[in-house]
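What follows is a set of notes on a single structure, which appears directly below.
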Amino acid sequence: MSMTFISIGCTDCDFRGDTLTTFGRYLWQHEGNVFQLERQLGLCLDCNKVVAVERLPDRETMERARAMRLTYKGQPLLRLLEKDDAKYYASQEHFEILEAVCELERMPVCLECGNSAIRKIELPKQIDNDTKVPLGLKHPWCAGTLQAQSSGGLRIGLNPITYTYDIHGRFLSTVNG
Ligand SMILES: [Zn+2]
Ligand SMILES: [Zn+2]
């Protein structure tokens with residue numbers, strides 16, 4: 001399998017991370033059912049590394065999703081193809097799990113340690129090879145700032161892994177495949 005990933009570095013120290021850390025499937029499990037959670041790249045102040053963090057829908061998105069849910073009759077939409085978050089959420093099975101998560105009114109957490117001391121990393125839309133793009137994020141443990149760089153293509157064998165969490169974002173289990 002060949003894929004391109006983005007590495008994250010610091011201008012002042014040898015801190016390193018990359019987008020491969022968000023690879024895999026991430027699920028919330030609740031009352032015997034699951035819902036695929038959205039994750040994004042982040043910096044965890046407790047883990048001191050680049051990690052996958054939860055991405056929770058905002059209030060406006062949830063309101064639109066609930067309204068669409070009432071009349072939605074089609075198949076669950078694919079995340080990659082559906083640009084509208086609300087429509088995507090409204091089409092998914094076990095939408096009630098997402099509702100249960102939102103009812104907790106909690107902060108998104110680090111998907112490695114479960115703590116919410118995180119900074120979201122917004123990746124630039126496009127990164128050319130050999131160009132370092134500032135991320136507008138200070139590295140909390142030194143005077144440097146974080147920057148992103150394309151890794152170019154790399155052949156790597158990554159086994160798809162499924163990570164399961166409870167609705168509080170606490171890690172439950174990992175399954176290969
Ligand atoms: Zn640093
Ligand atoms: Zn963490």
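Residues in the structure tokens are numbered from 1 in each chain, the chains being A, B, ... in the order shown, and ligands are numbered from 1 in the order shown.
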Worksheet entry | stretch 9-177 of chain A: residues DSSP assigns to alpha helix (DSSP H), reported as a list in words |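 Of stretch 9-177 of chain A, only Arg59, Glu60, Thr61, Met62, Glu63, Arg64, Ala65, Arg66, Ala67, Met68, Arg69, Asp85, Ala86, Lys87, Tyr88, Tyr89, Ala90, Ser91, Phe95, Glu96, Ile97, Leu98, Glu99, Ala100, Val101, Cys102 and Glu103 of chain A fall in alpha helix (DSSP H).
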Step by step, measure atom-to-atom distances between ligand 1 and each residue using only C-alpha atoms and all ligand atoms, keep those at most 10 Å, then write them as an mmCIF file with C-alpha atoms, in the first residue's frame.
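Generated file (selection13.cif):
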```cif
data_model
loop_
_atom_site.group_PDB
_atom_site.id
_atom_site.type_symbol
_atom_site.label_atom_id
_atom_site.label_comp_id
_atom_site.auth_asym_id
_atom_site.auth_seq_id
_atom_site.Cartn_x
_atom_site.Cartn_y
_atom_site.Cartn_z
ATOM 1 C CA GLY A 9 7.884 19.113 13.251
ATOM 2 C CA CYS A 10 9.018 21.941 15.501
ATOM 3 C CA THR A 11 11.222 24.851 14.450
ATOM 4 C CA ASP A 12 13.318 24.659 17.633
ATOM 5 C CA CYS A 13 13.500 21.055 18.823
ATOM 6 C CA ASP A 14 13.351 17.517 17.479
ATOM 7 C CA PHE A 15 9.647 17.007 18.273
ATOM 8 C CA ARG A 16 8.075 14.848 15.540
ATOM 9 C CA LYS A 138 3.251 27.129 19.390
ATOM 10 C CA HIS A 139 5.076 24.081 20.654
ATOM 11 C CA PRO A 140 4.104 24.286 24.345
ATOM 12 C CA TRP A 141 7.332 22.823 25.717
ATOM 13 C CA CYS A 142 9.800 25.048 23.922
ATOM 14 C CA ALA A 143 10.067 28.395 22.134
ATOM 15 C CA GLY A 144 9.402 26.871 18.727
ATOM 16 C CA THR A 145 6.323 26.704 16.528
ATOM 17 C CA LEU A 146 4.944 23.704 14.696
#
```
Discussion item. Quick check for you: according to DSSP on this backbone, which residues of stretch 3-59 of chain A are classed as strand (DSSP E)? Reply as number ranges by chain.
Written reply: A: 3-10, 16-18, 25-30, 33-36, 39-44, 49-54
Residues of the last selection are to be written out with C-alpha atoms, as an mmCIF file, in the first residue's frame.
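Resulting contents of result39.cif:
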```cif
data_model
loop_
_atom_site.group_PDB
_atom_site.id
_atom_site.type_symbol
_atom_site.label_atom_id
_atom_site.label_comp_id
_atom_site.auth_asym_id
_atom_site.auth_seq_id
_atom_site.Cartn_x
_atom_site.Cartn_y
_atom_site.Cartn_z
ATOM 1 C CA MET A 3 0.183 6.577 0.742
ATOM 2 C CA THR A 4 1.235 10.135 1.305
ATOM 3 C CA PHE A 5 1.305 11.500 4.779
ATOM 4 C CA ILE A 6 2.244 14.778 6.373
ATOM 5 C CA SER A 7 4.872 15.056 9.037
ATOM 6 C CA ILE A 8 4.735 17.643 11.793
ATOM 7 C CA GLY A 9 7.884 19.113 13.251
ATOM 8 C CA CYS A 10 9.018 21.941 15.501
ATOM 9 C CA ARG A 16 8.075 14.848 15.540
ATOM 10 C CA GLY A 17 4.648 13.565 14.614
ATOM 11 C CA ASP A 18 2.686 12.673 11.512
ATOM 12 C CA ARG A 25 -11.556 3.360 12.142
ATOM 13 C CA TYR A 26 -12.761 5.021 15.325
ATOM 14 C CA LEU A 27 -16.041 4.039 16.958
ATOM 15 C CA TRP A 28 -18.127 5.062 19.925
ATOM 16 C CA GLN A 29 -19.833 2.059 21.499
ATOM 17 C CA HIS A 30 -23.006 2.529 23.490
ATOM 18 C CA ASN A 33 -24.259 -0.447 19.098
ATOM 19 C CA VAL A 34 -21.536 1.630 17.466
ATOM 20 C CA PHE A 35 -21.255 4.952 15.663
ATOM 21 C CA GLN A 36 -18.214 5.987 13.650
ATOM 22 C CA ARG A 39 -11.365 12.448 14.369
ATOM 23 C CA GLN A 40 -8.745 14.954 13.381
ATOM 24 C CA LEU A 41 -5.107 15.591 14.034
ATOM 25 C CA GLY A 42 -4.240 17.281 17.299
ATOM 26 C CA LEU A 43 -1.525 17.982 19.796
ATOM 27 C CA CYS A 44 -2.058 16.432 23.228
ATOM 28 C CA LYS A 49 2.726 14.157 20.980
ATOM 29 C CA VAL A 50 0.716 14.444 17.803
ATOM 30 C CA VAL A 51 -2.394 12.299 18.212
ATOM 31 C CA ALA A 52 -5.864 11.636 16.823
ATOM 32 C CA VAL A 53 -8.443 13.761 18.655
ATOM 33 C CA GLU A 54 -12.232 13.663 18.528
#
```
Response to the item:
Among A:Leu20, A:Ile127, A:Ile97, A:Leu70, A:Gly152 is approached most closely, using only C-alpha atoms, by A:Ile127
Discussion item. Neighbouring residues of A:Cys113 were defined as those with any atom within 9 Å, considering only C-alpha atoms; residues of the same chain fewer than 2 positions away were excluded. Please report them as an NGL selection string.
Written reply: :A and (44 or 46-47 or 109-111 or 115-116 or 170-171)
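For the pair atom CA of A:Ile121 and atom CA of A:Thr22, the interatomic distance is 11.9 Å.
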Worksheet item: Which polymer residues have any atom within 10 Å of an atom of stretch 62-67 of chain A, counting only C-alpha atoms, with same-chain residues fewer than 3 positions away left out, as a list in words?
Response: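 Listed by chain and then number, they are Leu56, Pro57, Asp58, Arg59, Leu70, Thr71, Tyr72, Asp84, Asp85, Ala86, Lys87, Tyr88, Tyr89, Ala90, Ser91, Phe95, Leu98, Glu99 and Cys102 of chain A.
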Output of the above residues as a PDB file, in the first residue's frame, restricted to N, CA and C atoms:
```pdb
ATOM      1  N   LEU A  56     -16.095  16.832  17.424  1.00  0.00           N
ATOM      2  CA  LEU A  56     -17.521  16.780  17.764  1.00  0.00           C
ATOM      3  C   LEU A  56     -18.285  17.831  16.953  1.00  0.00           C
ATOM      4  N   PRO A  57     -19.521  17.500  16.551  1.00  0.00           N
ATOM      5  CA  PRO A  57     -20.308  18.471  15.788  1.00  0.00           C
ATOM      6  C   PRO A  57     -20.695  19.671  16.653  1.00  0.00           C
ATOM      7  N   ASP A  58     -20.769  20.847  16.057  1.00  0.00           N
ATOM      8  CA  ASP A  58     -21.220  22.012  16.827  1.00  0.00           C
ATOM      9  C   ASP A  58     -22.757  21.992  16.901  1.00  0.00           C
ATOM     10  N   ARG A  59     -23.283  22.899  17.720  1.00  0.00           N
ATOM     11  CA  ARG A  59     -24.720  22.922  17.996  1.00  0.00           C
ATOM     12  C   ARG A  59     -25.549  23.117  16.726  1.00  0.00           C
ATOM     13  N   LEU A  70     -35.440  13.491  10.582  1.00  0.00           N
ATOM     14  CA  LEU A  70     -36.874  13.210  10.647  1.00  0.00           C
ATOM     15  C   LEU A  70     -37.422  12.712   9.322  1.00  0.00           C
ATOM     16  N   THR A  71     -36.825  13.164   8.241  1.00  0.00           N
ATOM     17  CA  THR A  71     -37.373  12.808   6.930  1.00  0.00           C
ATOM     18  C   THR A  71     -36.408  11.977   6.096  1.00  0.00           C
ATOM     19  N   TYR A  72     -35.202  11.704   6.610  1.00  0.00           N
ATOM     20  CA  TYR A  72     -34.216  10.990   5.801  1.00  0.00           C
ATOM     21  C   TYR A  72     -34.611   9.529   5.626  1.00  0.00           C
ATOM     22  N   ASP A  84     -21.536  17.799   3.415  1.00  0.00           N
ATOM     23  CA  ASP A  84     -22.324  18.434   4.468  1.00  0.00           C
ATOM     24  C   ASP A  84     -22.338  17.539   5.717  1.00  0.00           C
ATOM     25  N   ASP A  85     -21.683  17.994   6.778  1.00  0.00           N
ATOM     26  CA  ASP A  85     -21.596  17.204   8.009  1.00  0.00           C
ATOM     27  C   ASP A  85     -22.974  16.810   8.522  1.00  0.00           C
ATOM     28  N   ALA A  86     -23.911  17.779   8.530  1.00  0.00           N
ATOM     29  CA  ALA A  86     -25.241  17.523   9.086  1.00  0.00           C
ATOM     30  C   ALA A  86     -25.950  16.409   8.315  1.00  0.00           C
ATOM     31  N   LYS A  87     -25.852  16.470   6.989  1.00  0.00           N
ATOM     32  CA  LYS A  87     -26.514  15.467   6.162  1.00  0.00           C
ATOM     33  C   LYS A  87     -25.865  14.093   6.364  1.00  0.00           C
ATOM     34  N   TYR A  88     -24.543  14.091   6.446  1.00  0.00           N
ATOM     35  CA  TYR A  88     -23.827  12.841   6.696  1.00  0.00           C
ATOM     36  C   TYR A  88     -24.275  12.224   8.021  1.00  0.00           C
ATOM     37  N   TYR A  89     -24.265  13.013   9.081  1.00  0.00           N
ATOM     38  CA  TYR A  89     -24.669  12.496  10.404  1.00  0.00           C
ATOM     39  C   TYR A  89     -26.110  11.988  10.372  1.00  0.00           C
ATOM     40  N   ALA A  90     -26.998  12.775   9.748  1.00  0.00           N
ATOM     41  CA  ALA A  90     -28.425  12.426   9.730  1.00  0.00           C
ATOM     42  C   ALA A  90     -28.672  11.089   9.059  1.00  0.00           C
ATOM     43  N   SER A  91     -27.782  10.697   8.127  1.00  0.00           N
ATOM     44  CA  SER A  91     -27.999   9.471   7.356  1.00  0.00           C
ATOM     45  C   SER A  91     -27.471   8.226   8.065  1.00  0.00           C
ATOM     46  N   PHE A  95     -27.785   7.049  15.115  1.00  0.00           N
ATOM     47  CA  PHE A  95     -27.636   8.488  15.332  1.00  0.00           C
ATOM     48  C   PHE A  95     -27.801   8.821  16.823  1.00  0.00           C
ATOM     49  N   LEU A  98     -24.625   9.461  18.726  1.00  0.00           N
ATOM     50  CA  LEU A  98     -24.093  10.821  18.566  1.00  0.00           C
ATOM     51  C   LEU A  98     -24.859  11.794  19.466  1.00  0.00           C
ATOM     52  N   GLU A  99     -26.160  11.620  19.542  1.00  0.00           N
ATOM     53  CA  GLU A  99     -26.987  12.454  20.444  1.00  0.00           C
ATOM     54  C   GLU A  99     -26.532  12.284  21.893  1.00  0.00           C
ATOM     55  N   CYS A 102     -23.363  14.189  22.466  1.00  0.00           N
ATOM     56  CA  CYS A 102     -23.580  15.635  22.504  1.00  0.00           C
ATOM     57  C   CYS A 102     -24.291  16.068  23.787  1.00  0.00           C
TER      58      CYS A 102
END
```
Worksheet entry | One-decimal distance in Å that lies between atom CA of A:Glu60 and atom CA of A:Gln126 |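 Rounded to one decimal, the two atoms are 28.1 Å apart.
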Discussion item. I'd like to know which of A:Leu137, A:Leu81, A:Ile118, A:Ile167 is closest to ligand 2, using only C-alpha atoms and all ligand atoms.
Written reply: A:Ile118
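Minimum atom-to-atom distances from A:Pro76, A:Pro108, A:Gly136, A:Gly114 to ligand 2 were compared using only C-alpha atoms and all ligand atoms, and the lowest value belongs to A:Gly114.
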